[in-house]
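Data block below; observations after.
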2 protein chains.
Amino acid sequence: MMEGMSSDLIPRLWGKSPPGRRGPKPALSVAQIVEAAYVIADEQGLAAVSMARVAEALGCSPMALYRHVKNKDELLILLADRLCAELPAPSRDLGWRDGLAAWMRAQVDLSLSRPWFLDLPLVGTLPGPNRLAWIDLGFYYLREVTLPPEEKMAILGIISQYALGEARIEIEAARFPENPYARFEEMLVTYADPERFPNLMESMATWRPAGPGEESDSDDPSAFGQRLLMAGIAAHIERHMGRSTPK
Amino acid sequence: MMEGMSSDLIPRLWGKSPPGRRGPKPALSVAQIVEAAYVIADEQGLAAVSMARVAEALGCSPMALYRHVKNKDELLILLADRLCAELPAPSRDLGWRDGLAAWMRAQVDLSLSRPWFLDLPLVGTLPGPNRLAWIDLGFYYLREVTLPPEEKMAILGIISQYALGEARIEIEAARFPENPYARFEEMLVTYADPERFPNLMESMATWRPAGPGEESDSDDPSAFGQRLLMAGIAAHIERHMGRSTPK
DNA sequence: TCTAATAGCGTACGTGATTAACAGTTTATA
DNA sequence: TATAAACTGTTAATCACGTACGCTATTAGA
């Protein structure tokens with residue numbers, strides 16, 4: 001009866017459960033539960049992850065899960081960290097710039113292959129071991145950069161945040177194989193009063209859609225945003241390091 | 001019977017509903033429904049927004065709502081756009097840099113004052129009139145910047161994305177008035193095997209928490225990330241414009 | 001006047017999360 | 001060794017929610 005106040009989420013995240021002395025041996029474990037939830041989410045989406053279905057997959061009653069997990073929200077947090085274990089580590093033979101770019105891209109790719117990642121409560125949560133390992137990799141790429149750790153952390157946070165947004169955009173873009181701007185512009189001309197959005201309209205008026213054979217000036221919107229971000233980071237780093245960074 | 005395929009979401013977003021000729025006069029309107037949902041969300045959080053409660057607030061039966069809104073998801077989309085109407089327009093007497101900074105900050109502030117904004121399906125959705133007006137304001141600040149509209153749009157998208165992330169971080173930070181790194185570091189030393197996160201650990205080891213009276217080098221993490229982002233944007237803009245931008 | 005389209009309602013079903021009481025199992029301790 | 005405490009899983013029940021279906025009343029055009 002010494003527990004009670006908050007939750008034992010953090011120990012559970014780290015797989016450390018106080019080895020209960022008495023009682024029957026658990027037939028279930030947190031890891032099994034999370035794994036079952038992971039499989040369901042992967043096959044049928046996050047909406048299909050219900051306590052009942054996870055229990056069914058494990059061959060136990062729904063309520064059994066509550067012996068190992070406080071509630072569904074906590075299960076989702078554990079699931080989020082479990083998912084971070086799937087992040088493929090890029091090559092370590094990269095400078096901080098290429099390294100971080102690859103680090104970011106891996107997060108985008110994970111979100112693309114498992115779109116339910118984006119629906120998970122990622123932020124506002126202490127990272128678990130898997131996400132922490134991923135952060136550690138980010139620190140690896142920044143190892144020769146002399147910045148205080150909280151600034152490094154902030155940089156990694158911004159990159160991750162950007163990666164999530166980028167993934168959302170790419171998913172949406174994939175749902176409309178035609179030029180996404182076409183749908184946007186169509187809506188504009190159909191419904192929007194030009195006088196209500198003068199600045200937007202004027203800018204759009206000067207817009208020339210890229211012809212079929214030609215590449216747009218800003219080739220890939222993904223690369224565009226990424227360059228933008230990296231340029232800002234690079235400027236900050238170089239300003240603080242005083243000299244150019246090694247390759 | 002000529003409708004059917006997808007949904008009439010877009011007309012509803014713009015308040016254009018085909019003025020039905022026959023039948024009784026509607027006692028409800030989409031705007032009323034959205035407004036009721038808005039009030040509920042504001043007072044009791046997004047989780048309290050259920051069809052039943054919205055109907056109760058309007059004094060009608062839950063099923064009546066379905067005559068005006070396809071389902072709850074669509075109601076949330078409409079709600080998201082309704083919320084964008086609350087964005088306070090910053091001063092127009094700002095150059096693109098300060099203007100965009102204020103434009104970003106307003107989004108952060110809105111998210112802080114109405115945290116349920118962050119739980120709404122914002123992205124992956126066509127913007128409605130209110131969000132579009134907000135985007136139009138962004139284009140206003142960029143009016144003297146010569147970039148193709150899709151690049152301007154990408155820049156605004158990145159800024160918005162960053163604002164959401166920033167708001168999430170600030171909300172989380174507010175929940176733990178002590179230094180957020182304290183909690184983080186405590187978890188690290190308690191549970192994390194140092195050999196598993198060598199890069200993180202080493203960087204942390206050199207970390208000196210800011211003393212009580214002194215300001216950290218990177219004063220405000222919010223300002224830090226914002227400077228980072230703006231620097232990247234500025235670099236891109238100045239590179240493309242060939243000369244410095246007017247004040 | 002008649003008719004077809006429309007607005008709102010009542011009922012009912014399926015699903016999901018979670019509480020409460022309970023029964024079986026193992027281990028620490030008396 | 002016996003007993004009690006702690007622990008695991010189950011069964012039953014509750015409550016809230018989204019929404020499909022069918023009905024009735026209303027109104028404008030034919």
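To be explicit about the labels: the chains of the structure tokens are called A, B, and onward in the order shown, and within each one the residues are counted from 1, while ligands get numbers from 1 in the order they are shown.
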Can you give me chain A superposed onto chain B, least-squares on all Cα in order, written as a PDB file with C-alpha atoms, in the first residue's frame?
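Written out: superposed09.pdb:
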```pdb
ATOM      1  CA  MET A   1     -30.340  12.503 -54.540  1.00  0.00           C
ATOM      2  CA  MET A   2     -27.593  14.129 -56.505  1.00  0.00           C
ATOM      3  CA  GLU A   3     -25.179  14.220 -53.628  1.00  0.00           C
ATOM      4  CA  GLY A   4     -23.796  11.133 -52.043  1.00  0.00           C
ATOM      5  CA  MET A   5     -20.232  10.505 -53.036  1.00  0.00           C
ATOM      6  CA  SER A   6     -18.015  12.250 -50.547  1.00  0.00           C
ATOM      7  CA  SER A   7     -19.212  14.798 -48.049  1.00  0.00           C
ATOM      8  CA  ASP A   8     -20.362  18.355 -48.249  1.00  0.00           C
ATOM      9  CA  LEU A   9     -17.709  19.404 -45.840  1.00  0.00           C
ATOM     10  CA  ILE A  10     -16.277  22.134 -47.980  1.00  0.00           C
ATOM     11  CA  PRO A  11     -19.539  23.942 -48.577  1.00  0.00           C
ATOM     12  CA  ARG A  12     -20.286  23.656 -44.907  1.00  0.00           C
ATOM     13  CA  LEU A  13     -16.905  25.084 -44.038  1.00  0.00           C
ATOM     14  CA  TRP A  14     -17.758  28.121 -46.067  1.00  0.00           C
ATOM     15  CA  GLY A  15     -21.265  28.438 -44.787  1.00  0.00           C
ATOM     16  CA  LYS A  16     -22.647  27.762 -48.208  1.00  0.00           C
ATOM     17  CA  SER A  17     -25.425  25.274 -47.936  1.00  0.00           C
ATOM     18  CA  PRO A  18     -27.610  24.874 -50.986  1.00  0.00           C
ATOM     19  CA  PRO A  19     -30.694  26.764 -49.846  1.00  0.00           C
ATOM     20  CA  GLY A  20     -33.090  23.901 -49.607  1.00  0.00           C
ATOM     21  CA  ARG A  21     -36.272  24.814 -51.274  1.00  0.00           C
ATOM     22  CA  ARG A  22     -38.791  22.648 -49.531  1.00  0.00           C
ATOM     23  CA  GLY A  23     -39.209  21.516 -46.006  1.00  0.00           C
ATOM     24  CA  PRO A  24     -39.542  23.303 -42.709  1.00  0.00           C
ATOM     25  CA  LYS A  25     -37.229  26.110 -41.789  1.00  0.00           C
ATOM     26  CA  PRO A  26     -34.240  24.748 -39.924  1.00  0.00           C
ATOM     27  CA  ALA A  27     -34.245  25.587 -36.267  1.00  0.00           C
ATOM     28  CA  LEU A  28     -30.538  24.800 -36.143  1.00  0.00           C
ATOM     29  CA  SER A  29     -27.660  25.973 -38.231  1.00  0.00           C
ATOM     30  CA  VAL A  30     -24.149  24.693 -38.681  1.00  0.00           C
ATOM     31  CA  ALA A  31     -22.834  27.887 -37.155  1.00  0.00           C
ATOM     32  CA  GLN A  32     -24.921  27.402 -34.019  1.00  0.00           C
ATOM     33  CA  ILE A  33     -23.769  23.836 -33.634  1.00  0.00           C
ATOM     34  CA  VAL A  34     -20.145  24.736 -34.040  1.00  0.00           C
ATOM     35  CA  GLU A  35     -20.541  27.591 -31.631  1.00  0.00           C
ATOM     36  CA  ALA A  36     -22.076  25.345 -29.008  1.00  0.00           C
ATOM     37  CA  ALA A  37     -19.263  22.865 -29.434  1.00  0.00           C
ATOM     38  CA  TYR A  38     -16.808  25.704 -29.128  1.00  0.00           C
ATOM     39  CA  VAL A  39     -18.250  26.862 -25.818  1.00  0.00           C
ATOM     40  CA  ILE A  40     -18.237  23.358 -24.401  1.00  0.00           C
ATOM     41  CA  ALA A  41     -14.672  22.733 -25.463  1.00  0.00           C
ATOM     42  CA  ASP A  42     -13.604  26.020 -23.996  1.00  0.00           C
ATOM     43  CA  GLU A  43     -15.228  25.382 -20.661  1.00  0.00           C
ATOM     44  CA  GLN A  44     -14.699  21.676 -20.188  1.00  0.00           C
ATOM     45  CA  GLY A  45     -12.120  20.595 -22.688  1.00  0.00           C
ATOM     46  CA  LEU A  46     -12.317  18.752 -25.941  1.00  0.00           C
ATOM     47  CA  ALA A  47     -13.165  15.440 -24.323  1.00  0.00           C
ATOM     48  CA  ALA A  48     -16.433  16.967 -23.131  1.00  0.00           C
ATOM     49  CA  VAL A  49     -17.514  17.674 -26.680  1.00  0.00           C
ATOM     50  CA  SER A  50     -19.864  14.860 -27.457  1.00  0.00           C
ATOM     51  CA  MET A  51     -22.783  14.901 -29.775  1.00  0.00           C
ATOM     52  CA  ALA A  52     -25.088  14.440 -26.831  1.00  0.00           C
ATOM     53  CA  ARG A  53     -23.692  17.373 -24.932  1.00  0.00           C
ATOM     54  CA  VAL A  54     -23.707  19.684 -27.889  1.00  0.00           C
ATOM     55  CA  ALA A  55     -27.312  18.746 -28.513  1.00  0.00           C
ATOM     56  CA  GLU A  56     -28.148  19.334 -24.884  1.00  0.00           C
ATOM     57  CA  ALA A  57     -26.616  22.781 -25.008  1.00  0.00           C
ATOM     58  CA  LEU A  58     -28.736  23.550 -28.023  1.00  0.00           C
ATOM     59  CA  GLY A  59     -31.879  22.070 -26.553  1.00  0.00           C
ATOM     60  CA  CYS A  60     -32.354  19.536 -29.280  1.00  0.00           C
ATOM     61  CA  SER A  61     -31.927  15.834 -29.663  1.00  0.00           C
ATOM     62  CA  PRO A  62     -28.509  14.441 -30.489  1.00  0.00           C
ATOM     63  CA  MET A  63     -29.641  13.110 -33.796  1.00  0.00           C
ATOM     64  CA  ALA A  64     -30.742  16.509 -34.952  1.00  0.00           C
ATOM     65  CA  LEU A  65     -27.109  17.443 -35.363  1.00  0.00           C
ATOM     66  CA  TYR A  66     -26.641  14.843 -38.026  1.00  0.00           C
ATOM     67  CA  ARG A  67     -28.913  16.794 -40.310  1.00  0.00           C
ATOM     68  CA  HIS A  68     -26.312  19.555 -40.400  1.00  0.00           C
ATOM     69  CA  VAL A  69     -23.060  17.739 -39.907  1.00  0.00           C
ATOM     70  CA  LYS A  70     -21.971  14.457 -41.402  1.00  0.00           C
ATOM     71  CA  ASN A  71     -20.472  13.074 -38.222  1.00  0.00           C
ATOM     72  CA  LYS A  72     -18.421  14.052 -35.268  1.00  0.00           C
ATOM     73  CA  ASP A  73     -15.144  14.137 -37.145  1.00  0.00           C
ATOM     74  CA  GLU A  74     -16.543  16.729 -39.450  1.00  0.00           C
ATOM     75  CA  LEU A  75     -17.792  18.734 -36.514  1.00  0.00           C
ATOM     76  CA  LEU A  76     -14.280  18.787 -35.123  1.00  0.00           C
ATOM     77  CA  ILE A  77     -12.917  20.025 -38.415  1.00  0.00           C
ATOM     78  CA  LEU A  78     -15.444  22.814 -38.405  1.00  0.00           C
ATOM     79  CA  LEU A  79     -14.581  23.506 -34.801  1.00  0.00           C
ATOM     80  CA  ALA A  80     -10.915  23.790 -35.654  1.00  0.00           C
ATOM     81  CA  ASP A  81     -11.622  26.423 -38.214  1.00  0.00           C
ATOM     82  CA  ARG A  82     -13.934  28.219 -35.848  1.00  0.00           C
ATOM     83  CA  LEU A  83     -11.122  28.395 -33.363  1.00  0.00           C
ATOM     84  CA  CYS A  84      -8.887  30.059 -35.901  1.00  0.00           C
ATOM     85  CA  ALA A  85     -11.263  32.983 -35.819  1.00  0.00           C
ATOM     86  CA  GLU A  86      -9.944  33.721 -32.338  1.00  0.00           C
ATOM     87  CA  LEU A  87      -6.441  34.400 -33.561  1.00  0.00           C
ATOM     88  CA  PRO A  88      -5.769  38.054 -32.800  1.00  0.00           C
ATOM     89  CA  ALA A  89      -4.245  39.847 -35.731  1.00  0.00           C
ATOM     90  CA  PRO A  90      -0.942  41.497 -34.794  1.00  0.00           C
ATOM     91  CA  SER A  91      -0.058  44.950 -35.976  1.00  0.00           C
ATOM     92  CA  ARG A  92       0.293  45.382 -39.697  1.00  0.00           C
ATOM     93  CA  ASP A  93       3.126  47.850 -39.310  1.00  0.00           C
ATOM     94  CA  LEU A  94       5.754  45.172 -39.179  1.00  0.00           C
ATOM     95  CA  GLY A  95       8.393  44.007 -41.582  1.00  0.00           C
ATOM     96  CA  TRP A  96       8.265  40.428 -42.676  1.00  0.00           C
ATOM     97  CA  ARG A  97      10.562  39.276 -39.926  1.00  0.00           C
ATOM     98  CA  ASP A  98       8.823  40.844 -36.970  1.00  0.00           C
ATOM     99  CA  GLY A  99       5.523  40.239 -38.626  1.00  0.00           C
ATOM    100  CA  LEU A 100       6.081  36.535 -38.972  1.00  0.00           C
ATOM    101  CA  ALA A 101       7.423  36.341 -35.443  1.00  0.00           C
ATOM    102  CA  ALA A 102       4.243  37.922 -34.139  1.00  0.00           C
ATOM    103  CA  TRP A 103       2.197  35.748 -36.444  1.00  0.00           C
ATOM    104  CA  MET A 104       3.823  32.710 -34.928  1.00  0.00           C
ATOM    105  CA  ARG A 105       3.533  33.942 -31.384  1.00  0.00           C
ATOM    106  CA  ALA A 106      -0.181  34.486 -31.765  1.00  0.00           C
ATOM    107  CA  GLN A 107      -0.592  30.843 -32.637  1.00  0.00           C
ATOM    108  CA  VAL A 108       1.414  29.773 -29.631  1.00  0.00           C
ATOM    109  CA  ASP A 109      -0.649  32.005 -27.400  1.00  0.00           C
ATOM    110  CA  LEU A 110      -3.893  30.689 -28.764  1.00  0.00           C
ATOM    111  CA  SER A 111      -2.740  27.158 -28.099  1.00  0.00           C
ATOM    112  CA  LEU A 112      -1.751  28.113 -24.585  1.00  0.00           C
ATOM    113  CA  SER A 113      -5.052  29.712 -23.777  1.00  0.00           C
ATOM    114  CA  ARG A 114      -7.001  26.877 -25.347  1.00  0.00           C
ATOM    115  CA  PRO A 115      -4.915  23.740 -25.020  1.00  0.00           C
ATOM    116  CA  TRP A 116      -7.542  21.606 -26.689  1.00  0.00           C
ATOM    117  CA  PHE A 117      -6.519  23.299 -29.885  1.00  0.00           C
ATOM    118  CA  LEU A 118      -3.597  20.913 -29.968  1.00  0.00           C
ATOM    119  CA  ASP A 119      -5.838  17.875 -29.901  1.00  0.00           C
ATOM    120  CA  LEU A 120      -7.801  18.964 -32.910  1.00  0.00           C
ATOM    121  CA  PRO A 121      -7.278  17.580 -36.380  1.00  0.00           C
ATOM    122  CA  LEU A 122      -5.673  20.632 -37.911  1.00  0.00           C
ATOM    123  CA  VAL A 123      -3.422  19.262 -40.543  1.00  0.00           C
ATOM    124  CA  GLY A 124      -4.480  16.952 -43.258  1.00  0.00           C
ATOM    125  CA  THR A 125      -7.471  19.141 -43.799  1.00  0.00           C
ATOM    126  CA  LEU A 126      -8.302  21.856 -46.191  1.00  0.00           C
ATOM    127  CA  PRO A 127      -8.298  25.171 -44.399  1.00  0.00           C
ATOM    128  CA  GLY A 128     -11.614  26.850 -43.849  1.00  0.00           C
ATOM    129  CA  PRO A 129     -12.277  30.543 -44.166  1.00  0.00           C
ATOM    130  CA  ASN A 130     -10.911  31.492 -40.775  1.00  0.00           C
ATOM    131  CA  ARG A 131      -7.694  29.609 -41.108  1.00  0.00           C
ATOM    132  CA  LEU A 132      -7.392  30.896 -44.623  1.00  0.00           C
ATOM    133  CA  ALA A 133      -7.744  34.439 -43.384  1.00  0.00           C
ATOM    134  CA  TRP A 134      -4.920  33.732 -41.004  1.00  0.00           C
ATOM    135  CA  ILE A 135      -2.810  32.396 -43.842  1.00  0.00           C
ATOM    136  CA  ASP A 136      -3.672  35.484 -45.793  1.00  0.00           C
ATOM    137  CA  LEU A 137      -2.248  37.569 -43.008  1.00  0.00           C
ATOM    138  CA  GLY A 138       0.939  35.585 -43.266  1.00  0.00           C
ATOM    139  CA  PHE A 139       1.052  36.388 -46.958  1.00  0.00           C
ATOM    140  CA  TYR A 140       0.558  40.004 -46.050  1.00  0.00           C
ATOM    141  CA  TYR A 141       3.714  40.027 -43.998  1.00  0.00           C
ATOM    142  CA  LEU A 142       5.488  38.371 -46.883  1.00  0.00           C
ATOM    143  CA  ARG A 143       4.068  40.751 -49.453  1.00  0.00           C
ATOM    144  CA  GLU A 144       7.355  42.430 -50.226  1.00  0.00           C
ATOM    145  CA  VAL A 145       9.235  39.197 -50.327  1.00  0.00           C
ATOM    146  CA  THR A 146       9.595  37.832 -53.807  1.00  0.00           C
ATOM    147  CA  LEU A 147       9.151  34.115 -53.489  1.00  0.00           C
ATOM    148  CA  PRO A 148       6.831  31.793 -55.343  1.00  0.00           C
ATOM    149  CA  PRO A 149       3.592  31.281 -53.455  1.00  0.00           C
ATOM    150  CA  GLU A 150       4.228  27.623 -52.766  1.00  0.00           C
ATOM    151  CA  GLU A 151       7.442  28.563 -51.006  1.00  0.00           C
ATOM    152  CA  LYS A 152       5.654  31.185 -48.985  1.00  0.00           C
ATOM    153  CA  MET A 153       3.054  28.628 -48.105  1.00  0.00           C
ATOM    154  CA  ALA A 154       5.737  26.165 -47.078  1.00  0.00           C
ATOM    155  CA  ILE A 155       7.337  28.775 -44.857  1.00  0.00           C
ATOM    156  CA  LEU A 156       4.058  29.573 -43.180  1.00  0.00           C
ATOM    157  CA  GLY A 157       3.400  25.880 -42.734  1.00  0.00           C
ATOM    158  CA  ILE A 158       6.710  25.333 -41.043  1.00  0.00           C
ATOM    159  CA  ILE A 159       6.156  28.266 -38.752  1.00  0.00           C
ATOM    160  CA  SER A 160       2.704  27.037 -37.792  1.00  0.00           C
ATOM    161  CA  GLN A 161       4.031  23.578 -37.191  1.00  0.00           C
ATOM    162  CA  TYR A 162       6.745  24.962 -35.015  1.00  0.00           C
ATOM    163  CA  ALA A 163       4.233  27.060 -33.103  1.00  0.00           C
ATOM    164  CA  LEU A 164       2.202  24.003 -32.228  1.00  0.00           C
ATOM    165  CA  GLY A 165       5.249  22.176 -31.001  1.00  0.00           C
ATOM    166  CA  GLU A 166       6.390  25.176 -29.055  1.00  0.00           C
ATOM    167  CA  ALA A 167       2.995  25.455 -27.388  1.00  0.00           C
ATOM    168  CA  ARG A 168       3.088  21.814 -26.381  1.00  0.00           C
ATOM    169  CA  ILE A 169       6.463  22.289 -24.820  1.00  0.00           C
ATOM    170  CA  GLU A 170       5.415  25.383 -22.934  1.00  0.00           C
ATOM    171  CA  ILE A 171       2.303  23.689 -21.636  1.00  0.00           C
ATOM    172  CA  GLU A 172       4.331  20.783 -20.418  1.00  0.00           C
ATOM    173  CA  ALA A 173       6.871  23.117 -18.879  1.00  0.00           C
ATOM    174  CA  ALA A 174       4.130  24.951 -17.033  1.00  0.00           C
ATOM    175  CA  ARG A 175       2.975  21.720 -15.449  1.00  0.00           C
ATOM    176  CA  PHE A 176       6.334  21.359 -13.760  1.00  0.00           C
ATOM    177  CA  PRO A 177       7.326  24.725 -12.386  1.00  0.00           C
ATOM    178  CA  GLU A 178      10.709  23.426 -11.370  1.00  0.00           C
ATOM    179  CA  ASN A 179      13.315  23.157 -14.038  1.00  0.00           C
ATOM    180  CA  PRO A 180      11.980  20.630 -16.487  1.00  0.00           C
ATOM    181  CA  TYR A 181      15.447  19.286 -16.989  1.00  0.00           C
ATOM    182  CA  ALA A 182      15.486  18.313 -13.358  1.00  0.00           C
ATOM    183  CA  ARG A 183      12.763  15.758 -13.853  1.00  0.00           C
ATOM    184  CA  PHE A 184      14.421  14.598 -16.994  1.00  0.00           C
ATOM    185  CA  GLU A 185      17.792  14.178 -15.398  1.00  0.00           C
ATOM    186  CA  GLU A 186      16.366  12.506 -12.347  1.00  0.00           C
ATOM    187  CA  MET A 187      14.744   9.902 -14.530  1.00  0.00           C
ATOM    188  CA  LEU A 188      18.001   9.434 -16.327  1.00  0.00           C
ATOM    189  CA  VAL A 189      20.102   8.778 -13.292  1.00  0.00           C
ATOM    190  CA  THR A 190      17.446   6.617 -11.692  1.00  0.00           C
ATOM    191  CA  TYR A 191      16.647   4.289 -14.518  1.00  0.00           C
ATOM    192  CA  ALA A 192      18.936   4.756 -17.437  1.00  0.00           C
ATOM    193  CA  ASP A 193      22.014   2.679 -17.816  1.00  0.00           C
ATOM    194  CA  PRO A 194      24.770   5.193 -18.614  1.00  0.00           C
ATOM    195  CA  GLU A 195      26.366   2.801 -21.049  1.00  0.00           C
ATOM    196  CA  ARG A 196      23.214   2.623 -23.051  1.00  0.00           C
ATOM    197  CA  PHE A 197      23.087   6.354 -23.682  1.00  0.00           C
ATOM    198  CA  PRO A 198      26.723   7.379 -23.783  1.00  0.00           C
ATOM    199  CA  ASN A 199      26.387  10.481 -25.928  1.00  0.00           C
ATOM    200  CA  LEU A 200      23.503  11.866 -23.977  1.00  0.00           C
ATOM    201  CA  MET A 201      25.216  11.165 -20.697  1.00  0.00           C
ATOM    202  CA  GLU A 202      28.442  12.766 -21.677  1.00  0.00           C
ATOM    203  CA  SER A 203      26.711  15.887 -22.837  1.00  0.00           C
ATOM    204  CA  MET A 204      24.687  16.020 -19.678  1.00  0.00           C
ATOM    205  CA  ALA A 205      27.749  15.579 -17.548  1.00  0.00           C
ATOM    206  CA  THR A 206      29.158  18.815 -18.816  1.00  0.00           C
ATOM    207  CA  TRP A 207      25.910  20.599 -18.184  1.00  0.00           C
ATOM    208  CA  ARG A 208      25.845  23.245 -15.532  1.00  0.00           C
ATOM    209  CA  PRO A 209      22.368  24.220 -14.433  1.00  0.00           C
ATOM    210  CA  ALA A 210      21.783  27.946 -14.488  1.00  0.00           C
ATOM    211  CA  GLY A 211      22.227  29.412 -11.035  1.00  0.00           C
ATOM    212  CA  PRO A 212      19.321  31.121  -9.315  1.00  0.00           C
ATOM    213  CA  GLY A 213      20.277  34.679 -10.142  1.00  0.00           C
ATOM    214  CA  GLU A 214      21.861  34.250 -13.505  1.00  0.00           C
ATOM    215  CA  GLU A 215      20.356  33.991 -16.894  1.00  0.00           C
ATOM    216  CA  SER A 216      21.216  31.055 -19.024  1.00  0.00           C
ATOM    217  CA  ASP A 217      23.208  31.723 -22.146  1.00  0.00           C
ATOM    218  CA  SER A 218      20.274  30.798 -24.283  1.00  0.00           C
ATOM    219  CA  ASP A 219      17.867  32.849 -22.252  1.00  0.00           C
ATOM    220  CA  ASP A 220      14.521  31.481 -23.335  1.00  0.00           C
ATOM    221  CA  PRO A 221      14.221  28.128 -25.066  1.00  0.00           C
ATOM    222  CA  SER A 222      11.248  29.474 -26.930  1.00  0.00           C
ATOM    223  CA  ALA A 223      13.227  32.383 -28.274  1.00  0.00           C
ATOM    224  CA  PHE A 224      16.048  30.018 -29.061  1.00  0.00           C
ATOM    225  CA  GLY A 225      14.019  27.818 -31.352  1.00  0.00           C
ATOM    226  CA  GLN A 226      12.356  30.786 -32.893  1.00  0.00           C
ATOM    227  CA  ARG A 227      15.649  32.455 -33.684  1.00  0.00           C
ATOM    228  CA  LEU A 228      16.833  29.245 -35.231  1.00  0.00           C
ATOM    229  CA  LEU A 229      13.856  29.008 -37.482  1.00  0.00           C
ATOM    230  CA  MET A 230      13.824  32.651 -38.427  1.00  0.00           C
ATOM    231  CA  ALA A 231      17.501  32.573 -39.250  1.00  0.00           C
ATOM    232  CA  GLY A 232      16.911  29.783 -41.727  1.00  0.00           C
ATOM    233  CA  ILE A 233      14.000  31.582 -43.300  1.00  0.00           C
ATOM    234  CA  ALA A 234      15.862  34.844 -43.471  1.00  0.00           C
ATOM    235  CA  ALA A 235      18.837  33.197 -45.110  1.00  0.00           C
ATOM    236  CA  HIS A 236      16.629  31.692 -47.762  1.00  0.00           C
ATOM    237  CA  ILE A 237      14.754  34.892 -48.427  1.00  0.00           C
ATOM    238  CA  GLU A 238      17.824  37.045 -48.619  1.00  0.00           C
ATOM    239  CA  ARG A 239      19.504  34.569 -50.897  1.00  0.00           C
ATOM    240  CA  HIS A 240      16.575  34.718 -53.278  1.00  0.00           C
ATOM    241  CA  MET A 241      16.013  38.440 -53.123  1.00  0.00           C
ATOM    242  CA  GLY A 242      19.581  39.362 -53.750  1.00  0.00           C
ATOM    243  CA  ARG A 243      19.494  42.408 -51.530  1.00  0.00           C
ATOM    244  CA  SER A 244      18.541  43.232 -47.991  1.00  0.00           C
ATOM    245  CA  THR A 245      14.881  43.644 -47.250  1.00  0.00           C
ATOM    246  CA  PRO A 246      13.371  46.962 -46.202  1.00  0.00           C
ATOM    247  CA  LYS A 247      12.778  47.451 -42.549  1.00  0.00           C
TER     248      LYS A 247
END
```
(message) Show me, as a VMD selection string, every residue of chain D with an atom at most 10 Å from chain B, counting only C-alpha atoms (C1' of nucleotides).
(response) chain D and resid 16 to 19 25 to 29
Closest-contact table, chain C side, partner chain B, 8 Å, counting only C-alpha atoms (C1' of nucleotides), as CSV:
```
residue,atom,partner,partner_atom,distance
C:DA5,C1',B:Arg22,CA,5.8
C:DT6,C1',B:Gly23,CA,4.1
C:DA7,C1',B:Pro24,CA,6.0
C:DG8,C1',B:Ala64,CA,5.4
C:DC9,C1',B:Ser61,CA,6.6
```
Taking N, CA and C atoms (P, O5', C5', C4', C3', O3' and C1' of nucleotides) for each residue, export the selection above as a compact mmCIF listing (two decimals), in the first residue's frame.
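Listed below is the output, out-v8.txt:
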```txt
# COMPACT_ATOMS: atom_id res chain seq x y z
P DA C 5 -38.36 14.09 -53.97
O5' DA C 5 -37.54 15.09 -53.05
C5' DA C 5 -37.60 16.49 -53.33
C4' DA C 5 -37.51 17.27 -52.03
C3' DA C 5 -36.35 16.86 -51.13
O3' DA C 5 -35.63 18.03 -50.79
C1' DA C 5 -38.38 16.97 -49.89
P DT C 6 -34.19 17.91 -50.11
O5' DT C 6 -34.52 18.31 -48.61
C5' DT C 6 -35.19 19.55 -48.35
C4' DT C 6 -35.71 19.56 -46.94
C3' DT C 6 -34.67 19.12 -45.90
O3' DT C 6 -34.37 20.25 -45.09
C1' DT C 6 -36.83 18.24 -45.45
P DA C 7 -33.22 20.16 -43.99
O5' DA C 7 -34.12 20.10 -42.68
C5' DA C 7 -35.05 21.14 -42.42
C4' DA C 7 -35.58 21.02 -41.01
C3' DA C 7 -34.53 20.67 -39.97
O3' DA C 7 -34.78 21.42 -38.78
C1' DA C 7 -36.16 18.92 -40.09
P DG C 8 -33.70 21.40 -37.63
O5' DG C 8 -34.29 20.32 -36.62
C5' DG C 8 -35.53 20.60 -36.00
C4' DG C 8 -36.11 19.32 -35.46
C3' DG C 8 -35.27 18.65 -34.36
O3' DG C 8 -36.00 18.69 -33.15
C1' DG C 8 -36.10 17.07 -35.93
P DC C 9 -35.43 18.01 -31.84
O5' DC C 9 -36.14 16.58 -31.89
C5' DC C 9 -37.55 16.52 -31.98
C4' DC C 9 -38.00 15.08 -31.83
C3' DC C 9 -37.34 14.34 -30.68
O3' DC C 9 -38.35 13.72 -29.90
C1' DC C 9 -37.09 13.11 -32.70
```
